[in-house]
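Data block for my_file-v7.pdb (PDB, N, CA and C atoms, pLDDT in the B column):
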ATOM      1  N   MET X   1      28.101 -37.895  -1.183  1.00 82.00           N
ATOM      2  CA  MET X   1      27.121 -36.842  -1.390  1.00 82.00           C
ATOM      3  C   MET X   1      27.871 -35.533  -1.618  1.00 82.00           C
ATOM      4  N   SER X   2      27.431 -34.767  -2.605  1.00 84.00           N
ATOM      5  CA  SER X   2      28.047 -33.485  -2.929  1.00 84.00           C
ATOM      6  C   SER X   2      27.042 -32.361  -2.761  1.00 84.00           C
ATOM      7  N   THR X   3      27.543 -31.159  -2.557  1.00 87.00           N
ATOM      8  CA  THR X   3      26.698 -29.979  -2.423  1.00 87.00           C
ATOM      9  C   THR X   3      26.895 -29.095  -3.652  1.00 87.00           C
ATOM     10  N   TYR X   4      25.799 -28.636  -4.230  1.00 88.00           N
ATOM     11  CA  TYR X   4      25.831 -27.772  -5.405  1.00 88.00           C
ATOM     12  C   TYR X   4      25.057 -26.481  -5.111  1.00 88.00           C
ATOM     13  N   THR X   5      25.258 -25.488  -5.956  1.00 91.00           N
ATOM     14  CA  THR X   5      24.625 -24.189  -5.788  1.00 91.00           C
ATOM     15  C   THR X   5      23.430 -24.062  -6.723  1.00 91.00           C
ATOM     16  N   ALA X   6      22.272 -23.679  -6.180  1.00 94.00           N
ATOM     17  CA  ALA X   6      21.080 -23.435  -6.984  1.00 94.00           C
ATOM     18  C   ALA X   6      20.840 -21.930  -7.064  1.00 94.00           C
ATOM     19  N   VAL X   7      20.685 -21.441  -8.280  1.00 94.00           N
ATOM     20  CA  VAL X   7      20.306 -20.046  -8.523  1.00 94.00           C
ATOM     21  C   VAL X   7      18.861 -20.092  -9.004  1.00 94.00           C
ATOM     22  N   VAL X   8      17.985 -19.411  -8.284  1.00 96.00           N
ATOM     23  CA  VAL X   8      16.551 -19.491  -8.579  1.00 96.00           C
ATOM     24  C   VAL X   8      16.022 -18.099  -8.899  1.00 96.00           C
ATOM     25  N   HIS X   9      15.225 -18.016  -9.958  1.00 96.00           N
ATOM     26  CA  HIS X   9      14.545 -16.760 -10.269  1.00 96.00           C
ATOM     27  C   HIS X   9      13.118 -17.067 -10.712  1.00 96.00           C
ATOM     28  N   ASN X  10      12.283 -16.054 -10.666  1.00 96.00           N
ATOM     29  CA  ASN X  10      10.867 -16.193 -10.985  1.00 96.00           C
ATOM     30  C   ASN X  10      10.625 -15.680 -12.395  1.00 96.00           C
ATOM     31  N   GLU X  11       9.954 -16.486 -13.206  1.00 94.00           N
ATOM     32  CA  GLU X  11       9.540 -16.089 -14.554  1.00 94.00           C
ATOM     33  C   GLU X  11       8.031 -16.254 -14.641  1.00 94.00           C
ATOM     34  N   ASP X  12       7.327 -15.151 -14.677  1.00 93.00           N
ATOM     35  CA  ASP X  12       5.869 -15.162 -14.698  1.00 93.00           C
ATOM     36  C   ASP X  12       5.324 -15.958 -13.514  1.00 93.00           C
ATOM     37  N   ASP X  13       4.740 -17.132 -13.760  1.00 95.00           N
ATOM     38  CA  ASP X  13       4.126 -17.887 -12.668  1.00 95.00           C
ATOM     39  C   ASP X  13       4.918 -19.139 -12.285  1.00 95.00           C
ATOM     40  N   ILE X  14       6.191 -19.236 -12.699  1.00 97.00           N
ATOM     41  CA  ILE X  14       7.001 -20.393 -12.333  1.00 97.00           C
ATOM     42  C   ILE X  14       8.353 -19.958 -11.777  1.00 97.00           C
ATOM     43  N   PHE X  15       8.959 -20.830 -11.002  1.00 98.00           N
ATOM     44  CA  PHE X  15      10.314 -20.628 -10.515  1.00 98.00           C
ATOM     45  C   PHE X  15      11.250 -21.462 -11.392  1.00 98.00           C
ATOM     46  N   VAL X  16      12.354 -20.860 -11.810  1.00 97.00           N
ATOM     47  CA  VAL X  16      13.364 -21.544 -12.608  1.00 97.00           C
ATOM     48  C   VAL X  16      14.602 -21.699 -11.733  1.00 97.00           C
ATOM     49  N   ALA X  17      15.079 -22.943 -11.599  1.00 97.00           N
ATOM     50  CA  ALA X  17      16.240 -23.242 -10.765  1.00 97.00           C
ATOM     51  C   ALA X  17      17.366 -23.754 -11.652  1.00 97.00           C
ATOM     52  N   ASP X  18      18.557 -23.195 -11.454  1.00 96.00           N
ATOM     53  CA  ASP X  18      19.731 -23.500 -12.271  1.00 96.00           C
ATOM     54  C   ASP X  18      20.874 -23.916 -11.358  1.00 96.00           C
ATOM     55  N   CYS X  19      21.493 -25.052 -11.641  1.00 93.00           N
ATOM     56  CA  CYS X  19      22.662 -25.488 -10.881  1.00 93.00           C
ATOM     57  C   CYS X  19      23.883 -24.784 -11.452  1.00 93.00           C
ATOM     58  N   ALA X  20      24.498 -23.915 -10.665  1.00 89.00           N
ATOM     59  CA  ALA X  20      25.600 -23.081 -11.132  1.00 89.00           C
ATOM     60  C   ALA X  20      26.811 -23.890 -11.574  1.00 89.00           C
ATOM     61  N   GLU X  21      27.098 -24.975 -10.905  1.00 88.00           N
ATOM     62  CA  GLU X  21      28.293 -25.760 -11.224  1.00 88.00           C
ATOM     63  C   GLU X  21      28.131 -26.622 -12.473  1.00 88.00           C
ATOM     64  N   LEU X  22      26.936 -27.160 -12.705  1.00 90.00           N
ATOM     65  CA  LEU X  22      26.747 -28.145 -13.767  1.00 90.00           C
ATOM     66  C   LEU X  22      25.934 -27.649 -14.949  1.00 90.00           C
ATOM     67  N   GLY X  23      25.144 -26.610 -14.745  1.00 91.00           N
ATOM     68  CA  GLY X  23      24.303 -26.099 -15.819  1.00 91.00           C
ATOM     69  C   GLY X  23      22.972 -26.809 -15.965  1.00 91.00           C
ATOM     70  N   THR X  24      22.651 -27.716 -15.044  1.00 95.00           N
ATOM     71  CA  THR X  24      21.334 -28.342 -15.096  1.00 95.00           C
ATOM     72  C   THR X  24      20.283 -27.317 -14.684  1.00 95.00           C
ATOM     73  N   VAL X  25      19.107 -27.429 -15.289  1.00 97.00           N
ATOM     74  CA  VAL X  25      18.040 -26.454 -15.054  1.00 97.00           C
ATOM     75  C   VAL X  25      16.724 -27.200 -14.911  1.00 97.00           C
ATOM     76  N   SER X  26      15.852 -26.688 -14.049  1.00 98.00           N
ATOM     77  CA  SER X  26      14.505 -27.219 -13.941  1.00 98.00           C
ATOM     78  C   SER X  26      13.581 -26.100 -13.494  1.00 98.00           C
ATOM     79  N   GLN X  27      12.323 -26.432 -13.311  1.00 98.00           N
ATOM     80  CA  GLN X  27      11.344 -25.414 -12.929  1.00 98.00           C
ATOM     81  C   GLN X  27      10.250 -26.031 -12.090  1.00 98.00           C
ATOM     82  N   GLY X  28       9.440 -25.164 -11.491  1.00 98.00           N
ATOM     83  CA  GLY X  28       8.300 -25.607 -10.707  1.00 98.00           C
ATOM     84  C   GLY X  28       7.404 -24.432 -10.381  1.00 98.00           C
ATOM     85  N   TYR X  29       6.176 -24.738  -9.974  1.00 98.00           N
ATOM     86  CA  TYR X  29       5.230 -23.677  -9.619  1.00 98.00           C
ATOM     87  C   TYR X  29       5.482 -23.109  -8.227  1.00 98.00           C
ATOM     88  N   THR X  30       6.269 -23.835  -7.425  1.00 97.00           N
ATOM     89  CA  THR X  30       6.686 -23.328  -6.119  1.00 97.00           C
ATOM     90  C   THR X  30       8.201 -23.428  -6.040  1.00 97.00           C
ATOM     91  N   LEU X  31       8.799 -22.717  -5.104  1.00 96.00           N
ATOM     92  CA  LEU X  31      10.239 -22.785  -4.903  1.00 96.00           C
ATOM     93  C   LEU X  31      10.656 -24.210  -4.553  1.00 96.00           C
ATOM     94  N   GLU X  32       9.912 -24.837  -3.668  1.00 97.00           N
ATOM     95  CA  GLU X  32      10.227 -26.198  -3.248  1.00 97.00           C
ATOM     96  C   GLU X  32      10.159 -27.178  -4.421  1.00 97.00           C
ATOM     97  N   GLU X  33       9.146 -27.032  -5.273  1.00 98.00           N
ATOM     98  CA  GLU X  33       9.008 -27.904  -6.435  1.00 98.00           C
ATOM     99  C   GLU X  33      10.159 -27.696  -7.415  1.00 98.00           C
ATOM    100  N   ALA X  34      10.550 -26.449  -7.632  1.00 97.00           N
ATOM    101  CA  ALA X  34      11.664 -26.165  -8.539  1.00 97.00           C
ATOM    102  C   ALA X  34      12.964 -26.776  -8.022  1.00 97.00           C
ATOM    103  N   LEU X  35      13.217 -26.677  -6.722  1.00 97.00           N
ATOM    104  CA  LEU X  35      14.440 -27.252  -6.149  1.00 97.00           C
ATOM    105  C   LEU X  35      14.413 -28.776  -6.172  1.00 97.00           C
ATOM    106  N   THR X  36      13.263 -29.362  -5.906  1.00 97.00           N
ATOM    107  CA  THR X  36      13.129 -30.818  -5.978  1.00 97.00           C
ATOM    108  C   THR X  36      13.381 -31.303  -7.399  1.00 97.00           C
ATOM    109  N   ASN X  37      12.808 -30.614  -8.367  1.00 98.00           N
ATOM    110  CA  ASN X  37      12.993 -30.985  -9.765  1.00 98.00           C
ATOM    111  C   ASN X  37      14.444 -30.787 -10.203  1.00 98.00           C
ATOM    112  N   LEU X  38      15.095 -29.733  -9.715  1.00 97.00           N
ATOM    113  CA  LEU X  38      16.501 -29.497 -10.033  1.00 97.00           C
ATOM    114  C   LEU X  38      17.373 -30.609  -9.456  1.00 97.00           C
ATOM    115  N   LYS X  39      17.084 -31.021  -8.244  1.00 97.00           N
ATOM    116  CA  LYS X  39      17.843 -32.114  -7.627  1.00 97.00           C
ATOM    117  C   LYS X  39      17.714 -33.383  -8.465  1.00 97.00           C
ATOM    118  N   GLU X  40      16.493 -33.699  -8.892  1.00 97.00           N
ATOM    119  CA  GLU X  40      16.279 -34.889  -9.711  1.00 97.00           C
ATOM    120  C   GLU X  40      17.016 -34.778 -11.048  1.00 97.00           C
ATOM    121  N   ALA X  41      16.918 -33.628 -11.708  1.00 96.00           N
ATOM    122  CA  ALA X  41      17.605 -33.426 -12.992  1.00 96.00           C
ATOM    123  C   ALA X  41      19.117 -33.544 -12.826  1.00 96.00           C
ATOM    124  N   THR X  42      19.646 -33.002 -11.741  1.00 95.00           N
ATOM    125  CA  THR X  42      21.086 -33.045 -11.488  1.00 95.00           C
ATOM    126  C   THR X  42      21.541 -34.469 -11.202  1.00 95.00           C
ATOM    127  N   GLU X  43      20.770 -35.214 -10.419  1.00 94.00           N
ATOM    128  CA  GLU X  43      21.121 -36.604 -10.128  1.00 94.00           C
ATOM    129  C   GLU X  43      21.121 -37.443 -11.404  1.00 94.00           C
ATOM    130  N   LEU X  44      20.146 -37.230 -12.280  1.00 94.00           N
ATOM    131  CA  LEU X  44      20.106 -37.949 -13.551  1.00 94.00           C
ATOM    132  C   LEU X  44      21.305 -37.582 -14.423  1.00 94.00           C
ATOM    133  N   TYR X  45      21.649 -36.308 -14.444  1.00 93.00           N
ATOM    134  CA  TYR X  45      22.814 -35.854 -15.209  1.00 93.00           C
ATOM    135  C   TYR X  45      24.095 -36.514 -14.690  1.00 93.00           C
ATOM    136  N   LEU X  46      24.252 -36.544 -13.381  1.00 92.00           N
ATOM    137  CA  LEU X  46      25.477 -37.092 -12.788  1.00 92.00           C
ATOM    138  C   LEU X  46      25.602 -38.605 -12.992  1.00 92.00           C
ATOM    139  N   GLU X  47      24.483 -39.293 -13.221  1.00 91.00           N
ATOM    140  CA  GLU X  47      24.540 -40.729 -13.483  1.00 91.00           C
ATOM    141  C   GLU X  47      25.288 -41.047 -14.781  1.00 91.00           C
ATOM    142  N   THR X  48      25.246 -40.118 -15.739  1.00 90.00           N
ATOM    143  CA  THR X  48      25.839 -40.380 -17.048  1.00 90.00           C
ATOM    144  C   THR X  48      27.025 -39.482 -17.378  1.00 90.00           C
ATOM    145  N   ALA X  49      27.187 -38.385 -16.676  1.00 85.00           N
ATOM    146  CA  ALA X  49      28.244 -37.418 -17.002  1.00 85.00           C
ATOM    147  C   ALA X  49      29.569 -37.823 -16.384  1.00 85.00           C
ATOM    148  N   GLN X  50      30.621 -37.357 -16.980  1.00 79.00           N
ATOM    149  CA  GLN X  50      31.966 -37.537 -16.438  1.00 79.00           C
ATOM    150  C   GLN X  50      32.380 -36.217 -15.792  1.00 79.00           C
ATOM    151  N   TYR X  51      31.666 -35.809 -14.764  1.00 71.00           N
ATOM    152  CA  TYR X  51      31.889 -34.520 -14.109  1.00 71.00           C
ATOM    153  C   TYR X  51      33.124 -34.570 -13.226  1.00 71.00           C
ATOM    154  N   VAL X  52      33.992 -33.587 -13.409  1.00 71.00           N
ATOM    155  CA  VAL X  52      35.178 -33.427 -12.565  1.00 71.00           C
ATOM    156  C   VAL X  52      35.033 -32.082 -11.851  1.00 71.00           C
ATOM    157  N   PRO X  53      34.900 -32.084 -10.528  1.00 69.00           N
ATOM    158  CA  PRO X  53      34.698 -30.815  -9.807  1.00 69.00           C
ATOM    159  C   PRO X  53      35.909 -29.891  -9.933  1.00 69.00           C
ATOM    160  N   HIS X  54      35.620 -28.592 -10.042  1.00 72.00           N
ATOM    161  CA  HIS X  54      36.660 -27.573 -10.163  1.00 72.00           C
ATOM    162  C   HIS X  54      36.615 -26.590  -9.010  1.00 72.00           C
ATOM    163  N   GLY X  55      36.076 -26.982  -7.884  1.00 73.00           N
ATOM    164  CA  GLY X  55      35.962 -26.077  -6.737  1.00 73.00           C
ATOM    165  C   GLY X  55      34.588 -25.443  -6.677  1.00 73.00           C
ATOM    166  N   ARG X  56      34.379 -24.648  -5.654  1.00 76.00           N
ATOM    167  CA  ARG X  56      33.074 -24.017  -5.432  1.00 76.00           C
ATOM    168  C   ARG X  56      32.864 -22.839  -6.368  1.00 76.00           C
ATOM    169  N   THR X  57      31.612 -22.650  -6.760  1.00 77.00           N
ATOM    170  CA  THR X  57      31.225 -21.512  -7.574  1.00 77.00           C
ATOM    171  C   THR X  57      31.081 -20.285  -6.695  1.00 77.00           C
ATOM    172  N   LEU X  58      31.530 -19.150  -7.174  1.00 78.00           N
ATOM    173  CA  LEU X  58      31.383 -17.887  -6.449  1.00 78.00           C
ATOM    174  C   LEU X  58      30.107 -17.205  -6.911  1.00 78.00           C
ATOM    175  N   ILE X  59      29.243 -16.892  -5.964  1.00 81.00           N
ATOM    176  CA  ILE X  59      28.030 -16.135  -6.243  1.00 81.00           C
ATOM    177  C   ILE X  59      28.184 -14.784  -5.551  1.00 81.00           C
ATOM    178  N   THR X  60      28.005 -13.707  -6.304  1.00 81.00           N
ATOM    179  CA  THR X  60      28.133 -12.365  -5.738  1.00 81.00           C
ATOM    180  C   THR X  60      27.102 -11.437  -6.396  1.00 81.00           C
ATOM    181  N   THR X  61      27.106 -10.203  -6.034  1.00 80.00           N
ATOM    182  CA  THR X  61      26.216  -9.217  -6.639  1.00 80.00           C
ATOM    183  C   THR X  61      27.048  -8.068  -7.210  1.00 80.00           C
ATOM    184  N   PHE X  62      26.418  -7.310  -8.108  1.00 81.00           N
ATOM    185  CA  PHE X  62      27.049  -6.112  -8.635  1.00 81.00           C
ATOM    186  C   PHE X  62      25.965  -5.118  -8.997  1.00 81.00           C
ATOM    187  N   GLU X  63      26.351  -3.859  -9.138  1.00 89.00           N
ATOM    188  CA  GLU X  63      25.386  -2.797  -9.454  1.00 89.00           C
ATOM    189  C   GLU X  63      25.621  -2.283 -10.856  1.00 89.00           C
ATOM    190  N   CYS X  64      24.554  -1.851 -11.508  1.00 91.00           N
ATOM    191  CA  CYS X  64      24.618  -1.251 -12.834  1.00 91.00           C
ATOM    192  C   CYS X  64      23.898   0.094 -12.807  1.00 91.00           C
ATOM    193  N   LEU X  65      24.372   1.008 -13.611  1.00 91.00           N
ATOM    194  CA  LEU X  65      23.681   2.283 -13.766  1.00 91.00           C
ATOM    195  C   LEU X  65      22.476   2.062 -14.670  1.00 91.00           C
ATOM    196  N   ASN X  66      21.355   2.716 -14.353  1.00 78.00           N
ATOM    197  CA  ASN X  66      20.144   2.577 -15.180  1.00 78.00           C
ATOM    198  C   ASN X  66      20.262   3.361 -16.433  1.00 78.00           C
TER     199      ASN X  66
END
Give the structure from this file in structure tokens form.
Amino acid sequence: MSTYTAVVHNEDDIFVADCAELGTVSQGYTLEEALTNLKEATELYLETAQYVPHGRTLITTFECLN
């Protein structure tokens, strides 16, 4: 079992979930649904992909001038 990073944002009335390490993406009307769908999409991707892990993804924040 592996652990991946999910980046989730809201677009209108849906949540979009993106796996930072693999680039798999899914969506749902709730946060839980989006994460469940992302897990399923990622598992399907990993069944066929030749993924070689390159370490953990760094998630951070930064500021921009308006």
Those of chain X in DSSP strand (DSSP E), formatted as a list in words: Ala6, Val7, Val8, His9, Asn10, Glu11, Ile14, Phe15, Val16, Ala17, Asp18, Cys19, Val25, Ser26, Gln27 and Gly28 of chain X
Filtering to N, CA and C atoms, could you give me those residues as a compact mmCIF listing (two decimals), keeping the file's coordinate frame?
# COMPACT_ATOMS: atom_id res chain seq x y z
N ALA X 6 22.27 -23.68 -6.18
CA ALA X 6 21.08 -23.44 -6.98
C ALA X 6 20.84 -21.93 -7.06
N VAL X 7 20.68 -21.44 -8.28
CA VAL X 7 20.31 -20.05 -8.52
C VAL X 7 18.86 -20.09 -9.00
N VAL X 8 17.98 -19.41 -8.28
CA VAL X 8 16.55 -19.49 -8.58
C VAL X 8 16.02 -18.10 -8.90
N HIS X 9 15.22 -18.02 -9.96
CA HIS X 9 14.54 -16.76 -10.27
C HIS X 9 13.12 -17.07 -10.71
N ASN X 10 12.28 -16.05 -10.67
CA ASN X 10 10.87 -16.19 -10.98
C ASN X 10 10.62 -15.68 -12.40
N GLU X 11 9.95 -16.49 -13.21
CA GLU X 11 9.54 -16.09 -14.55
C GLU X 11 8.03 -16.25 -14.64
N ILE X 14 6.19 -19.24 -12.70
CA ILE X 14 7.00 -20.39 -12.33
C ILE X 14 8.35 -19.96 -11.78
N PHE X 15 8.96 -20.83 -11.00
CA PHE X 15 10.31 -20.63 -10.52
C PHE X 15 11.25 -21.46 -11.39
N VAL X 16 12.35 -20.86 -11.81
CA VAL X 16 13.36 -21.54 -12.61
C VAL X 16 14.60 -21.70 -11.73
N ALA X 17 15.08 -22.94 -11.60
CA ALA X 17 16.24 -23.24 -10.76
C ALA X 17 17.37 -23.75 -11.65
N ASP X 18 18.56 -23.20 -11.45
CA ASP X 18 19.73 -23.50 -12.27
C ASP X 18 20.87 -23.92 -11.36
N CYS X 19 21.49 -25.05 -11.64
CA CYS X 19 22.66 -25.49 -10.88
C CYS X 19 23.88 -24.78 -11.45
N VAL X 25 19.11 -27.43 -15.29
CA VAL X 25 18.04 -26.45 -15.05
C VAL X 25 16.72 -27.20 -14.91
N SER X 26 15.85 -26.69 -14.05
CA SER X 26 14.50 -27.22 -13.94
C SER X 26 13.58 -26.10 -13.49
N GLN X 27 12.32 -26.43 -13.31
CA GLN X 27 11.34 -25.41 -12.93
C GLN X 27 10.25 -26.03 -12.09
N GLY X 28 9.44 -25.16 -11.49
CA GLY X 28 8.30 -25.61 -10.71
C GLY X 28 7.40 -24.43 -10.38
Resolved residues for the PyMOL selection byres ((chain X and resi 23-28) around 8) as a PyMOL selection string: chain X and resi 13-22+29-39+41-42+45
Taking the file as shown, find all residues satisfying the PyMOL selection byres ((chain X and resi 51-57) around 8) and write them as a PyMOL selection string. chain X and resi 4-5+20-21+45-46+48-50+58-60
For those residues, write N, CA and C atoms to a file as a compact mmCIF listing (two decimals), in the frame of the given file.
# COMPACT_ATOMS: atom_id res chain seq x y z
N TYR X 4 25.80 -28.64 -4.23
CA TYR X 4 25.83 -27.77 -5.40
C TYR X 4 25.06 -26.48 -5.11
N THR X 5 25.26 -25.49 -5.96
CA THR X 5 24.62 -24.19 -5.79
C THR X 5 23.43 -24.06 -6.72
N ALA X 20 24.50 -23.92 -10.66
CA ALA X 20 25.60 -23.08 -11.13
C ALA X 20 26.81 -23.89 -11.57
N GLU X 21 27.10 -24.98 -10.90
CA GLU X 21 28.29 -25.76 -11.22
C GLU X 21 28.13 -26.62 -12.47
N TYR X 45 21.65 -36.31 -14.44
CA TYR X 45 22.81 -35.85 -15.21
C TYR X 45 24.10 -36.51 -14.69
N LEU X 46 24.25 -36.54 -13.38
CA LEU X 46 25.48 -37.09 -12.79
C LEU X 46 25.60 -38.60 -12.99
N THR X 48 25.25 -40.12 -15.74
CA THR X 48 25.84 -40.38 -17.05
C THR X 48 27.02 -39.48 -17.38
N ALA X 49 27.19 -38.38 -16.68
CA ALA X 49 28.24 -37.42 -17.00
C ALA X 49 29.57 -37.82 -16.38
N GLN X 50 30.62 -37.36 -16.98
CA GLN X 50 31.97 -37.54 -16.44
C GLN X 50 32.38 -36.22 -15.79
N LEU X 58 31.53 -19.15 -7.17
CA LEU X 58 31.38 -17.89 -6.45
C LEU X 58 30.11 -17.20 -6.91
N ILE X 59 29.24 -16.89 -5.96
CA ILE X 59 28.03 -16.14 -6.24
C ILE X 59 28.18 -14.78 -5.55
N THR X 60 28.00 -13.71 -6.30
CA THR X 60 28.13 -12.36 -5.74
C THR X 60 27.10 -11.44 -6.40
Between atom C of Asp12 in chain X and atom N of Asn66 in chain X, what distance in Å does the model show, to one decimal? 24.6 Å
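Coordinates place CA of Val7 in chain X at a distance of 14.1 Å from atom N of Phe62 in chain X.
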Apply DSSP to the backbone of this structure and, from chain X, keep only the residues in alpha helix (DSSP H); write these as a list in words.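 Filtering chain X down to alpha helix (DSSP H) leaves Leu31, Glu32, Glu33, Ala34, Leu35, Thr36, Asn37, Leu38, Lys39, Glu40, Ala41, Thr42, Glu43, Leu44, Tyr45, Leu46, Glu47 and Thr48 of chain X.
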